[in-house]
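Encoded as structure tokens, the structure appears first; notes follow it.
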Amino acid sequence: MTKMRSTTWLDAAVRHCRAFACLIAVCLAAGVARAADQAAQAAPAAQPSGVTLHLANGDFSAGELVDSRQPDAIAWQAKGFTAPFRFALPSVSAVHFPVPEPLPLPEGEYCFELAGGDVLFGSLVALAGDEAVLEVAGLGTLHVERATICRMHRWKADDLVYSGPSGLTGWQPSGAFRWREEGGHLVTEGHGMVLRRDLGIPPLARLDIELSWQNKPDFDMAFGIGAEPKSILRAFHIEVWEKKLVVWRETEREADVAALMQVDDSKAGRVHLQAFLDQEKGRMLVFSAGGEQLADLQVATAKPQPAGGFSITNKYGDVGLERLRIGRWNGEAPLSVDLNKARIHGTDGTITYGRLASYDPATREFVIEEGAEQRRVDATSVRDVFVSQEAAAVPRSLRAVHLDGRRISGQLIKVEGGKVWIKCPGIREPLASPIQTLHSLAVMERATSTPKLAGREGRLEIDGVRLRGCLVEGHEGDATCLVWQPQSSAAASALSRGVSGRIVYRDPPPPPAAAATQAQQRRGVVGRVVVAPAAAPVAPPAAGVFAQIQRLVGGAPAAAAPQPPKRKEQAVLHLRSGDTVPCTATGIDEKGVTFVTAITDATFIRHEDLKVLELMPEAQPAKIAKNKKERLLTLPRMQRDNPPLQLIRSVDGDYLRGRLIEMNDKELQVEVRLETKTVPRESIARIIWLHPDELAGDAARAASKDSAATRVQALQGDGKRLTFVAQEFAGATLSGRSELLGACRVDVGQIDELLIGTAIEKSAATLAFHQWKLKPAAEPLVANDGGDGGGEGSEGLESALVNKPAPDFDLNLLDEKKRFRLSDHKDSVVVLDFWASWCGPCLQVMPQVDRVAREFADQGVKLVAINLEETPDKVKAALERLQLDMTVALDRDGRVAEKYGATSIPQTVIVGRDGKVARLFVGGSARFDEQLRAALQSVLSGGKEKEGEGSN
Amino acid sequence: MNKAATSHFRPTGWVVAIAALSIAAAACPARAQAPSLRASESVPRDVREIYDRGLQFLVSTQDESGNWKNTGEQGPGITGMALMVLLASGEDPNFGLYSNNVRRALRSLIGEQNAETGILGHSMYHHGFAMLALAEAYGTVDDRALWTGSEPKRRSIGVALELAVRAAITSQKKNQFGGWRYSPDSHDADTSVSGAVLVGLLAARNAGIEIPDEAIDKAITYYTKMTSDAGQVAYAGGFGGFDESFARISIATLVYAVARRKDLPQFKATLGYLTQRLENSPQQAYAEYTRYYQAQALFQGDVEAWEKWNKLLVRQLKTSQLANGSFQSQFGTTVGTSFSLLALALNYRFLPIYER
């Protein structure tokens, strides 16, 4: 049966979905901490870093809780701001705290499941009448209304299998660059992006899942997948189908689906689910966070294959995986008993119905009444005590989830002294939770309306913070003049100095499908590659930069250009900041460009601030082949200390790389490889600056900018940029000063985006012209190696000669009239070391080779140093200097070296007893001895094994 | 330069830290080009500014005894190089602005000469550079004003130069390769020390001191043996291997040129190697030493190439000159400043050795 997703089928399936309310089942949602040896450590006084506030509108902010006595607001010191915000409680979704490893264990014998999904761990001191007395670690003695306690049970510490996520570590992403971490959460907007991980989901598992999205939910989660890719097809899935969240499973023979809830696919939202998975029986129960059963899906297979893996896929929306907790489940369906009766489950599986009258701490016995009958049950034989049915729902504004699994909810009293104070219905004492014991604070109220902002709404984005709001009046002082008023915060705050980010007022349109140059984008025309030299006076075809230089400088470019533009165009200066200045360029000297423009009184700009001067913005567009452009932008090693500083493009599309010396209204002088060339100005379309700091990366330049000033860049819808130092925001106008343009004023009502700080350079770096930057030519390997040669780390198995018969040879030895024939030494492992006295690395390696060969001499290893084409005198002198006494064969005509492919030396070859090349190393290093020793050991042991095989 | 040198190549005791000093030779003695030829208008402003600032640094750091003792490597070779900077400035050495500095430096230099052996300083590097400075001063500086009458080791520039030349030739005779090494008694040779001494000898010959042709020929033969077909020059004893040392390649080019042996294929090879790689920067460690020789080698070998290269030199020196006018080097600021300014001094051409 193929998977069917037609609406009709879905609707039919939804009918199967049984929706019972059961809060009890959810009580353990927070789970019990993993069995760890150590208990919770004394928590540090300071708030941990990595705390994130999530707002109901989808915004978030890194920062920390600050003291507040307001029960209806959260005071929040956001990262990057000078003063705290005060968010109305209903506008807050949650505060998430970082999850340490290992998780602290809860303390106490019992887990108390309370009304409203709360959970406490502790011991039972007394139970009588309408009140129970609990002793809870960290909270002290609590008096709890009996009606508030749903269930008590003796918990097992190993319930929790996984709790996370806390960052991407351990996850296997597809397209890793498209997933990112936000406060430990895993977030992506990339379509089709998958994350998977073996989380050790047990065959019987309890799952607690929290997800969020900013724009559109369209995700798929699979539970219980194995190593092989196909297993995902058989797994249980929770997925968005159109506007419904569903749970489904499909096997070879059967498929079923159940709807969980509607999801709005047009705005930010979040979902929190509990699920119980039985992989053996093929069953998944899904509950809402509030305890309402949403689905009970059963699709069994003949051969269950429980597996521990989990995956999440973002299909065509965006998704953030915020929480995933996996615990062991006893397999007992949470709704399988008569909910409406109080009862005790024994450790032996018995169920005793009856009203729990009291607990006798002296005898450690529960007293149960059934009618007039009274029974006593030994506490140690009890697993679960179901005390009361759910009390009437009492509204709660906040739930605090603790790292040890404790959950309490109620009304916020205050945040003070590093503790969050909550009044929990049914508990007499206010509860004070130290912030460092918290896992999260979830707000349970929702705002009904969004307060109106005073100014134009924008989205402020800085590292770890995204807050919608508006700029309000501000002046430069101790803090910046950028004062942000988030939606639903009662207070505004100025941005701190040195912060980088942006305010987005209007999102840019999606980028065009194909990458095109700036010129092409403007005109939509594709130009020629290079001038066809039909009329050109120079015969040879253009080959490389030099040919282009000739044609540009020496040839007659005007003749070669088909239609050189004659009229005088207005030039455009593109600054490195991204700003553009229409102007008439009057000249260039060693300091910079002089110009006249209508938009400012400024007449000069320095080379280091320039990116492009378009002298003829309307010149023929030129398409440059990719490899040609790459060559133009590659800095040869020999020019490393004299890099070209400009690229000059002719109207024909030719490029000349050099160093601008001067330009007047007639010609331009450029130094090309230390020679000065003159180019007629009328043949120049554009000058592109290549900055040496671009070789080091854009970050270097951004870092060099003054962080004390509040630099901003206003980005208009037409792509125009204006960069200046902001001094004041008043009304709707941001005003300041630009070094180049003088006083600047920007109406924020008219811009698409406001970039702040180093974000300006990062954004400019993405502009089309800014892709023209030099990159250094690759270093030769020998240089990377520190001159040690290529042998480092090699096992000597790379050569094509390895495992081939070693070429035989017969050479004179240095030692008088003796000769050496390789084939005479088949009983030995022979090391051949090719060398020459003029080869420094050879001389470095030879003593090492000699020493190692001697170590193995008693195992039948022979060393022959084969000298390349030198006289015996020279060889002797070299050996004397090195104080070596070794067998040297003289390869006077280099034939043997040729047979062994020794085009570079030193080359060291190990010939095995089988007469084959066992290892071949080219180059040496200071640690070549270690490589050679390892290789000989391996060759010798391999030889023995073979001998053994042969004798059998 | 002698990057490849390892301890077993060095004679014991004489090994000195100053692994890099030397200068060139090629002009008539006693007559530098007349100041009128100093086309100050044609010397770029950048050159004049760099040179003047560097010169002020050297003048201000010379001590009363005439030495530069406070800024790194010191000895007669260093004094000699700084002296050449003074002589190359174009100021009249006898009556001009720096005439006292010139005389002080000369008195110090001659005072450090071993009266018996004629050796200047503790290594043949020093000897070579000091000998070159003496040769450049000989005939230019008036001996009559040199000594005031009270100094212990009074010797004229000419006598000191002759003594130094004899010491160098004696040392060469002991050397199997026909070159020189750190110690005057060494049997080994290297192309770096040999360059310092040989250029000094050639300058002395140009100054009119008699040098046996055999000495020059032997040294040139040594260099030809150390030069590969490709133009690279080996370091020591035919044993260091060839690598790309622009300093050694420049030294070989320079000695071939000043010895008037431009006919040698080795000269064409070394010069070609340099002119094809004008934009290559010298090794960071010996940048100043390399530039000093590269300037002269290109100037003597191919003046058009030198003109191009000189632009790069000016740019590099402009950025590396410190606020006090000095240049740093691993041998100290006196050495760094002197090498850098002498590389630049080709723009003035006042030193006889710079004549083509």
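As shown in the structure tokens, the chain order sets the letters A, B, ...; within each chain, residues go from 1, and ligands are also counted from 1 in the order they appear.
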
| task | Quick one: everything within 9 Å of Gly200 of chain B, counting only C-alpha atoms, minus sequence neighbours fewer than 2 positions away in the same chain. Send it as a list of chain:residue names. | result | B:Ser22, B:Ile23, B:Ala24, B:Ala25, B:His127, B:Gly128, B:Phe129, B:Ala130, B:Met131, B:Leu132, B:Ala133, B:Leu134, B:Ala135, B:Val165, B:Gly195, B:Ala196, B:Val197, B:Leu198, B:Leu202, B:Ala203, B:Ala204, B:Arg205

Keeping only N, CA and C atoms, take the residues you just selected and write them out as an mmCIF file, in the first residue's frame.
```cif
data_model
loop_
_atom_site.group_PDB
_atom_site.id
_atom_site.type_symbol
_atom_site.label_atom_id
_atom_site.label_comp_id
_atom_site.auth_asym_id
_atom_site.auth_seq_id
_atom_site.Cartn_x
_atom_site.Cartn_y
_atom_site.Cartn_z
ATOM 1 N N SER B 22 78.729 42.696 3.664
ATOM 2 C CA SER B 22 79.690 42.855 2.565
ATOM 3 C C SER B 22 79.296 43.955 1.610
ATOM 4 N N ILE B 23 80.121 44.281 0.668
ATOM 5 C CA ILE B 23 79.866 45.450 -0.180
ATOM 6 C C ILE B 23 80.514 45.257 -1.565
ATOM 7 N N ALA B 24 80.325 46.165 -2.460
ATOM 8 C CA ALA B 24 80.770 45.951 -3.829
ATOM 9 C C ALA B 24 81.901 46.877 -4.278
ATOM 10 N N ALA B 25 82.340 46.675 -5.500
ATOM 11 C CA ALA B 25 83.512 47.431 -5.926
ATOM 12 C C ALA B 25 83.514 47.687 -7.424
ATOM 13 N N HIS B 127 86.311 42.068 7.978
ATOM 14 C CA HIS B 127 87.495 42.443 7.219
ATOM 15 C C HIS B 127 87.087 42.929 5.816
ATOM 16 N N GLY B 128 86.221 42.169 5.180
ATOM 17 C CA GLY B 128 85.800 42.517 3.822
ATOM 18 C C GLY B 128 85.101 43.865 3.767
ATOM 19 N N PHE B 129 84.133 44.056 4.653
ATOM 20 C CA PHE B 129 83.375 45.319 4.610
ATOM 21 C C PHE B 129 84.255 46.504 5.000
ATOM 22 N N ALA B 130 85.125 46.286 5.998
ATOM 23 C CA ALA B 130 85.996 47.380 6.422
ATOM 24 C C ALA B 130 86.988 47.725 5.312
ATOM 25 N N MET B 131 87.491 46.697 4.640
ATOM 26 C CA MET B 131 88.438 46.917 3.535
ATOM 27 C C MET B 131 87.755 47.700 2.411
ATOM 28 N N LEU B 132 86.527 47.341 2.145
ATOM 29 C CA LEU B 132 85.781 48.061 1.111
ATOM 30 C C LEU B 132 85.625 49.534 1.491
ATOM 31 N N ALA B 133 85.285 49.783 2.762
ATOM 32 C CA ALA B 133 85.107 51.163 3.199
ATOM 33 C C ALA B 133 86.416 51.932 3.077
ATOM 34 N N LEU B 134 87.535 51.289 3.434
ATOM 35 C CA LEU B 134 88.837 51.943 3.305
ATOM 36 C C LEU B 134 89.119 52.287 1.841
ATOM 37 N N ALA B 135 88.788 51.329 0.960
ATOM 38 C CA ALA B 135 89.024 51.551 -0.458
ATOM 39 C C ALA B 135 88.195 52.720 -0.974
ATOM 40 N N VAL B 165 94.616 44.376 2.326
ATOM 41 C CA VAL B 165 94.651 43.601 1.083
ATOM 42 C C VAL B 165 95.605 42.422 1.235
ATOM 43 N N GLY B 195 82.234 36.861 -0.835
ATOM 44 C CA GLY B 195 81.732 38.060 -1.505
ATOM 45 C C GLY B 195 82.192 39.317 -0.807
ATOM 46 N N ALA B 196 82.113 39.308 0.539
ATOM 47 C CA ALA B 196 82.520 40.489 1.299
ATOM 48 C C ALA B 196 83.978 40.817 1.032
ATOM 49 N N VAL B 197 84.829 39.782 1.064
ATOM 50 C CA VAL B 197 86.267 40.022 0.906
ATOM 51 C C VAL B 197 86.594 40.377 -0.547
ATOM 52 N N LEU B 198 86.022 39.623 -1.481
ATOM 53 C CA LEU B 198 86.354 39.820 -2.881
ATOM 54 C C LEU B 198 85.930 41.208 -3.365
ATOM 55 N N LEU B 202 88.338 44.001 -4.939
ATOM 56 C CA LEU B 202 88.084 44.633 -6.233
ATOM 57 C C LEU B 202 88.022 46.147 -6.085
ATOM 58 N N ALA B 203 87.454 46.618 -5.000
ATOM 59 C CA ALA B 203 87.386 48.061 -4.762
ATOM 60 C C ALA B 203 88.787 48.614 -4.563
ATOM 61 N N ALA B 204 89.618 47.836 -3.853
ATOM 62 C CA ALA B 204 90.995 48.281 -3.626
ATOM 63 C C ALA B 204 91.749 48.343 -4.955
ATOM 64 N N ARG B 205 91.503 47.334 -5.792
ATOM 65 C CA ARG B 205 92.163 47.350 -7.097
ATOM 66 C C ARG B 205 91.713 48.573 -7.900
#
```

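Using only C-alpha atoms, we find that the part of chain A lying within 6 Å of chain B comprises A:Met638, A:Gln639, A:Leu674, A:Trp838, A:Cys839, A:Gly840.
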
| query | Near Phe604 of chain A, counting only C-alpha atoms, which residues have an atom at most 8 Å away, once you skip same-chain residues fewer than 5 positions from it, shown as a VMD selection string? | reply | chain A and resid 592 to 595

Store the residues picked out above, limited to C-alpha atoms, as a short mmCIF file (atom, residue, chain, number, x, y, z; two decimals), in the first residue's frame.
```cif
data_model
loop_
_atom_site.label_atom_id
_atom_site.label_comp_id
_atom_site.auth_asym_id
_atom_site.auth_seq_id
_atom_site.Cartn_x
_atom_site.Cartn_y
_atom_site.Cartn_z
CA GLY A 592 43.44 58.64 -3.85
CA VAL A 593 40.79 59.91 -6.23
CA THR A 594 39.67 63.51 -6.64
CA PHE A 595 36.23 64.19 -8.01
#
```

| request: as a ChimeraX atom specification, please: all residues of segment 93-280 of chain B that backbone DSSP puts in helix (DSSP H, G or I). | output: /B:99-111,124-137,143-145,157-173,191-206,213-226,246-258,265-275
